[in-house]
Structure formats: structure tokens, C-alpha cells
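Just below is one structure, and these are the notes that go with it.
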Amino acid sequence: MKHLDPDDLVLLYYGELPGADEAQAHLGACPECRASHDRLRQALDVVALDAPPRGDDYGRRVWERLEPRLATGRGPGRLDPRRAWRRRAAGFLAIAAALVVAFVVGRKTGPEPAPRLAAATGERVLLVAVGDHLERSRVILMELAHADPDNPGEVSARRVRAEELLDASRLYRISAERAGETGIASVLGDVERVLAEVANAPESLSPPDVRDLGERIEQDGLLFKVQVMGLQVQARQRALRHGNAGSVS
Amino acid sequence: MERMEASDAEAAARARDGDTEAFRVLVERHSALVFRVAYRLTGNEDDADDVVQETFLRAYSRLDLFEDRASFASWLYRIAANCAYDVLRRRARHAKRFAPADEVEDGADRFDSGDPAPDRLVFGGEVRRKVETVLEGMSAAERSAFVLRHCEGMSIEEIGNALDLDTSATKHSIFRAVKKLRRALAPLAGTTA
């Protein structure tokens, strides 16, 4: 067995190295790797971070500060009918995306590939679904890129929609990766990162946060990428209708 | 333990139905845990207290996403990690905006020949301070991934889920963090980086 590299030793230290038994056996036989492992362990063993004590009444104090804020918030998850509806909509979106994934992956891996027709149908399903998803994503990205920094509520208000799109986007990306559509998968991955940030944004975004978000969307050229990919997907849909298509990479 | 989880699930279900008192029980029960992870991640008491507030606000508004069969503490823990990660990223963006261009970014580089001799430091308060200084110099992803792995014992997969990072990014954040710490701590433990 070759020597363990420093990253392997870190994974081994944390018990996350695949094939750890083999690595342990190597450590037993290789003084060089064992010495590296011991040095790493010595360094990491001294790293400890204690939190200052908060006292027995900390929970009560947290609640006293929190309770008035709950009253002005949007309430617990289940009570808001609009949120419940959106949640159901997110579920439908995710189910629709999952169906597309199952369909496309099934076409790619199914036991009886009916050559051209099946492949073309699977590709068309993916392209239609992804084209629609890219358009939805483009709209929300444009809104976020142009959100008013002095009105952070503009971003917070889009959080639920970002959550919905995020769930669907992950499934479409997986589908695209499995179908070998690397270009589509890459753009969807970029979109996911922004959607995840918005979906996990705190209730109270500051104006600089909103400005940062808009700037990053602009700087990364994400809107442009989504727009271009959307056009390419549409072109491929048209080509498929006329019996001629190729992948976007 | 199961009884505790069951009562958490019950309280969460009641809170979801609008029972504020049930949510108070959850807040009082889990505040210390949330503070601990928030403090370890942010390294600042005021920030950690804010993370505690934001964590419970976020949990309250997303109670419909909590699955009753899951552990409420684990669910809350992931939200806390994500909130603290947000604080670190905001802090990093703020620092980037206002820091002089030539400011040293890597905390490990701050330790030079001016440091006290190793034998005075080993296992003492200086070790902790050195670790804290290195952590301050890390990126939000490095610090969060490392602390969650090293101090909180979360798996790499769990960390990725909590921080919305893929497995590779999570691993590399931890590798970079460990490298920086080793470089700074090498003189203390008689190690080489």
C-alpha cells in the first residue's frame, strides 16, 4: 500500500476514511506514516473550544427576548394558509421533478432501451422540464439582483419561492448529471447555490446583505448563464421536434 | 433518551398548532445546546446570543418542515449551525469590504518569532487563544466545517447538509482548517506542519 496522504490522515483521525482498516494496518507497518499520524493527533488533540457558562436561567432569558419577536413574526409553520399552500406547491414541484428524473434515468438505464424514440422522448421530457425551471429561476434571480437594499423584505419575501425552486433544482441537476448533460447540470448547480442562500437567509437581512447578493449574481454572470442555457434548451427542443438534437456542454 | 425525544416531538406538534407555551418549553430546554454550538462557531458571546435568537425564530417559522420522527435537537442543531454560518459569512464580507488590501488573511501566519516560548504555552490558555486566533483567520466554510467536525462530532455528510456544501467542499474546508491549525500549533506540540 502506498503512503497515506495528509488528507487521508485527517479523515482517519475523524473516523471518516473509507477503508480505515487497511489504513490502520498500514500505520502498523509504516513508521513514516505512523509518525505523521502521531504528529497530527498531537496537534488536533489540544484543540478544544469551551463555551462560557450561561447559567441555569439562560433558557428563560432567551425566551423573554424571543417571545415578543414571535408575536410580530409570521407565526408557526402550520398556521399560515398561504405558506401551507406554497409548501404543497413545493411538494408538487418536487414530485414533478422526481417524475422527470425517474423517467429520464429510466430511459437511460432501463432494461429494454428502445433506441432512438425512447432516448428522444426522455431527452424531450428533461428539456421541457428544465426549460420551464430555468425560466422560473431566471425570474427570481432577476428580482433578487434588482432588489432594493433599503427594503430587505424584498429578498425575505422570496424565501419560500426559493425553497420550492431549490428542491426541484436539485432533482433536475441530478437528472441532468445522470443523462450526461454537464452544461445544464453546471448551470443548475450555480443556481442552486444562490437559491440555497436565499432559502436559508435570516428573517432580518441587512441592506449590505441584499446589496452583496445582487452584486454576486451580477458578478458571476449567473443571469446571463441561465438565459443562455434557457435559449439553448429551447433550441434543442425545436431541433428534437424536427428530429435533430445534441447535448449542451 | 427516547422519552425526551418523544416529549420534544409532542411539544413541537403542539407549537405547530399555535401553542406558544409548548414552544417555550422547547426554547428553555435547548437554549444552552444552541448557545454552545453558536459560540464555538462564532467565537463571540454577543453573536452567539443573536444566533440563538435567530435559530429559534427560524425554527418557529419552519415547524412545518420538522418531521415528528426526527430528533428535534438534531434538527435545531442544523438550523443553529446554518445561522452561525450566515453570521460568519456576513462577518467575512464586512471584513473584506473594510479591511486594508494588504491585511493578512490567514490567522496561522500571525504567529512568528515574537510568540512566547513553546514550553510556556503547551496546554495553557495561550493554546486556546492561538486556536481562537487561527479560527478567526479562517473562511466561514473552513471554520464552520472544522468546528462542527472537531468539536461537535458531526459527520462530514451532516455538516454538508447543515451548511449547504457538497461533500467535497466540506472535506476540503476541513483539510484547509486543519492545515492552518497545524501550522500555528506545531511549535507548541513539537510537531511539524
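Ligands are numbered from 1 in the order shown, chains are lettered A, B, ... in the order of the C-alpha cells, and residues start at 1 in each chain.
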### Message
Would you mind listing, as a PyMOL selection string, all residues of chain B that have at least one atom within 8 Å of chain A, where only C-alpha atoms are what counts?
### Response
chain B and resi 15-18+24+27-32+35-36+39-40+52-54+56-58+60-65+82-83+86+90+123+127-128+131+149-151+155-156+164+175+178+181-182+185-186+189+191-192
#### Entry: DSSP-assigned helix (DSSP H, G or I) among stretch 26-80 of chain B, expressed as a ChimeraX atom specification
/B:26-42,45-61,63-65,72-80
### Task
Tell me, in Å to one decimal, how far atom CA of B:Phe72 is from atom CA of A:Leu165.
25.5 Å
### Task
With a distance cut-off of 9 Å and only C-alpha atoms, select the neighbouring residues of A:His26, excluding the residue or stretch itself and same-chain residues fewer than 4 positions from it, and output the selection as JSON, numbers by chain.
{"A": [1, 2, 3, 4, 21, 22, 30, 33, 34]}
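For the pair atom CA of B:Arg176 and atom CA of A:Val210, the interatomic distance is 29.0 Å.
Proximity to A:Glu218 was assessed for A:Leu17, A:Gly131, A:Leu166, A:Glu143 counting only C-alpha atoms; the smallest distance is recorded for A:Glu143.
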